[in-house]
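Some notes on the structure that comes next.
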Amino acid sequence: MIRINAHYLKLQASYLFSTIANRVTEYQNAHPDQEIIRMGIGDCTRALPAACVDAFHRAVDEMAADATFRGYGPEQGYPFLREAVAKNDFQARGADIAADEIFISDGAKCDTGNFQEILAADLTIAVPDPVYPVYVDTNVMAGRTGPFTDGRYENIVYLESTPENNFIPELPDVPVDLIYLCFPNNPTGAAITRDALARWVDYARQNKALILYDAAYEAFITDDAIPRSIYEIEGAREVAVEFRSFSKTAGFTGTRCAFTVVPKSCMAWDENGGAHKLHSLWNRRHTTKFNGVSYPVQRAAAAIYSDEGKAQVKAIIDFYLANAHVIRQEMESLGFTCAGGRHSPYVWIDARMDSWTLFDRLLSETGVVCTPGAGFGACGQRFIRLSAFNTHENTKKAMARINAAAGRITG
Ligand code: MLT
């Protein structure tokens, strides 16, 4: 008899962003004349940088001629992209990362979700709360958690990120093996200082733990004192894997390209205490289950490291950060306490009520879609997230609508 992976039955009924999309579709069907402004999922709205488009076109032309056509590429990514990443994203900032420690993939969502597969099933995991749901759900699927009771899964250590700690969680007070960190944070937008990040690296080294560091939003950091990579911290090569993405950096949400950094000195142990390189295990998994990102997409991604690509990416990031500034300023002027929006495209807003209630009120009173914080965990229960991925016009329009309906929304 075919049987299911029963751990799937512990999952919440649907993935957060699918639930939101369904609720918005239901509302739109019932109110076809209402113009919806989507500030929920962090999906880019600006076109790809021109340098990427040019490189994309040229690569498609190469695929159109027998002499330059390419079939399967290296599963880990083409050297031209791995080298550009290592040089520009890491070595240029003093982080000792080599090209062959970079694994090109089709998304940080997939990689952050898949990485746990090469680790033992009985690890204790620690996740931030609020948290990008992928880290939790994939560990539920793998059977590392107990059931979901009172808004939390059993056997997970939740690292609470609250206004009291400026959304930077404290070190766990119980031993943990696998730690998920995300900075600039999704959903709170909080950025971590070098000293605070160094405390996590030290913790991992002292406890033989592993940090899975999601830096998908590093392009939004505007202060050079803030680390863009965990490898800017001494000792991180031994205890951290980092995930990056071209999605939010260069509008690749639909084009799909990302990468994971697995340093060759990063080890994990077997039950007899034998040390193993995570690089070798991830390489083994990657070559078995993944056949590489398409050649034109990798060429397009590599173009962000050209001079014109860098300037175009910066202009796009500045564009979204300007929206984030407007959102934060307007929401604060209405009396809401906000975090994020400074080194992040997300503004995390104290809803002062249940987050789904504010979600419903915003949708019905203004047609603006937010992400209810409850979907990110218990600590998000009374927060909402607004995304700056939009046009300036829509951002201003959304804020004007919220302003006009403020009494009905907060009342
Ligand atoms: C988000 O809105 O949190 C992200 O867009 C989701 C993702 O990157 O998968």
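Every chain in the structure tokens takes a letter, A first, then B, and so on in the order presented; its residues are numbered from 1, and the ligands are numbered from 1 following the presented order.
A distance search around ligand 1 (7 Å at most, only C-alpha atoms and all ligand atoms) returns the following protein and nucleic acid residues: A:Gly40, A:Ile41, A:Gly42, A:Asp43, A:Lys109, A:Tyr132, A:Asn186, A:Pro187.
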Write out as an NGL selection string each polymer residue whose atoms come within 7 Å of Pro227 of chain A, counting only C-alpha atoms; drop sequence neighbours fewer than 3 positions from it.
:A and (193-194 or 230 or 232)
Saved selection, atoms kept: N, CA and C atoms, as a PDB file, in the first residue's frame:
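So the final result, stored in result-v6.pdb, reads:
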```
ATOM      1  N   THR A 193      24.281  44.020  13.226  1.00  0.00           N
ATOM      2  CA  THR A 193      25.617  44.621  13.260  1.00  0.00           C
ATOM      3  C   THR A 193      26.666  43.508  13.211  1.00  0.00           C
ATOM      4  N   ARG A 194      27.873  43.933  12.923  1.00  0.00           N
ATOM      5  CA  ARG A 194      28.996  42.999  12.886  1.00  0.00           C
ATOM      6  C   ARG A 194      29.177  42.295  14.247  1.00  0.00           C
ATOM      7  N   ILE A 230      27.949  36.842   5.965  1.00  0.00           N
ATOM      8  CA  ILE A 230      28.417  36.323   7.256  1.00  0.00           C
ATOM      9  C   ILE A 230      29.923  36.037   7.200  1.00  0.00           C
ATOM     10  N   GLU A 232      32.143  37.936   6.326  1.00  0.00           N
ATOM     11  CA  GLU A 232      32.927  39.098   6.768  1.00  0.00           C
ATOM     12  C   GLU A 232      33.292  38.946   8.244  1.00  0.00           C
TER      13      GLU A 232
END
```
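Of all the residues in segment 172-258 of chain A, the ones DSSP labels as strand (DSSP E) from the backbone are Leu178, Ile179, Tyr180, Leu181, Cys182, Leu210, Ile211, Leu212, Tyr213, Asp214, Ala240, Val241, Glu242, Phe243, Arg244, Ser245 and Ala258 of chain A.
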Generate the output file for the selected residues, N, CA, C and O atoms, as a compact mmCIF listing (two decimals), in the first residue's frame.
```
# COMPACT_ATOMS: atom_id res chain seq x y z
N LEU A 178 21.26 23.43 14.57
CA LEU A 178 21.08 24.09 13.28
C LEU A 178 20.33 25.40 13.50
O LEU A 178 19.25 25.40 14.10
N ILE A 179 20.93 26.49 13.04
CA ILE A 179 20.36 27.82 13.31
C ILE A 179 20.09 28.52 11.98
O ILE A 179 20.98 28.64 11.14
N TYR A 180 18.87 28.99 11.81
CA TYR A 180 18.54 29.79 10.63
C TYR A 180 18.58 31.26 11.02
O TYR A 180 17.95 31.67 11.99
N LEU A 181 19.33 32.04 10.25
CA LEU A 181 19.34 33.49 10.44
C LEU A 181 19.09 34.14 9.09
O LEU A 181 19.51 33.60 8.05
N CYS A 182 18.43 35.29 9.10
CA CYS A 182 18.15 36.01 7.85
C CYS A 182 18.35 37.49 8.11
O CYS A 182 17.64 38.07 8.91
N LEU A 210 25.62 24.68 13.14
CA LEU A 210 25.72 25.22 11.79
C LEU A 210 24.72 26.37 11.64
O LEU A 210 23.57 26.24 12.08
N ILE A 211 25.17 27.47 11.03
CA ILE A 211 24.26 28.59 10.74
C ILE A 211 23.91 28.56 9.26
O ILE A 211 24.80 28.52 8.40
N LEU A 212 22.63 28.55 8.97
CA LEU A 212 22.19 28.74 7.58
C LEU A 212 21.79 30.21 7.48
O LEU A 212 20.81 30.64 8.10
N TYR A 213 22.59 30.98 6.75
CA TYR A 213 22.46 32.44 6.74
C TYR A 213 21.84 32.90 5.43
O TYR A 213 22.45 32.77 4.37
N ASP A 214 20.64 33.41 5.53
CA ASP A 214 19.91 33.86 4.34
C ASP A 214 20.17 35.36 4.16
O ASP A 214 19.69 36.18 4.94
N ALA A 240 29.22 28.29 8.74
CA ALA A 240 28.07 28.93 8.08
C ALA A 240 27.99 28.64 6.60
O ALA A 240 29.00 28.57 5.90
N VAL A 241 26.75 28.49 6.17
CA VAL A 241 26.40 28.37 4.75
C VAL A 241 25.57 29.61 4.44
O VAL A 241 24.72 29.98 5.25
N GLU A 242 25.84 30.25 3.31
CA GLU A 242 25.10 31.49 3.01
C GLU A 242 24.30 31.36 1.72
O GLU A 242 24.77 30.78 0.74
N PHE A 243 23.10 31.92 1.76
CA PHE A 243 22.20 31.88 0.60
C PHE A 243 22.03 33.30 0.06
O PHE A 243 21.78 34.23 0.82
N ARG A 244 22.16 33.43 -1.25
CA ARG A 244 21.98 34.73 -1.90
C ARG A 244 21.07 34.53 -3.11
O ARG A 244 20.93 33.41 -3.61
N SER A 245 20.57 35.64 -3.61
CA SER A 245 19.63 35.53 -4.72
C SER A 245 19.76 36.73 -5.64
O SER A 245 20.05 37.84 -5.18
N ALA A 258 20.04 32.16 -8.36
CA ALA A 258 20.47 32.41 -6.98
C ALA A 258 21.77 31.64 -6.77
O ALA A 258 22.27 31.00 -7.71
```
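A straight line drawn from atom CA of Gln34 of chain A to atom CA of Arg408 of chain A is 17.4 Å long.
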Would you kindly return, as a PyMOL selection string, each protein, DNA or RNA residue with an atom no farther than 8 Å from any atom of segment 138-149 of chain A, considering only C-alpha atoms and excluding same-chain residues fewer than 4 positions away?
chain A and resi 5+7-8+10-11+113-114+116-117+121-125+134+153-156
Have a look at atom CA of Arg205 of chain A and atom CA of Arg228 of chain A and let me know their distance in Å, one decimal.
20.2 Å
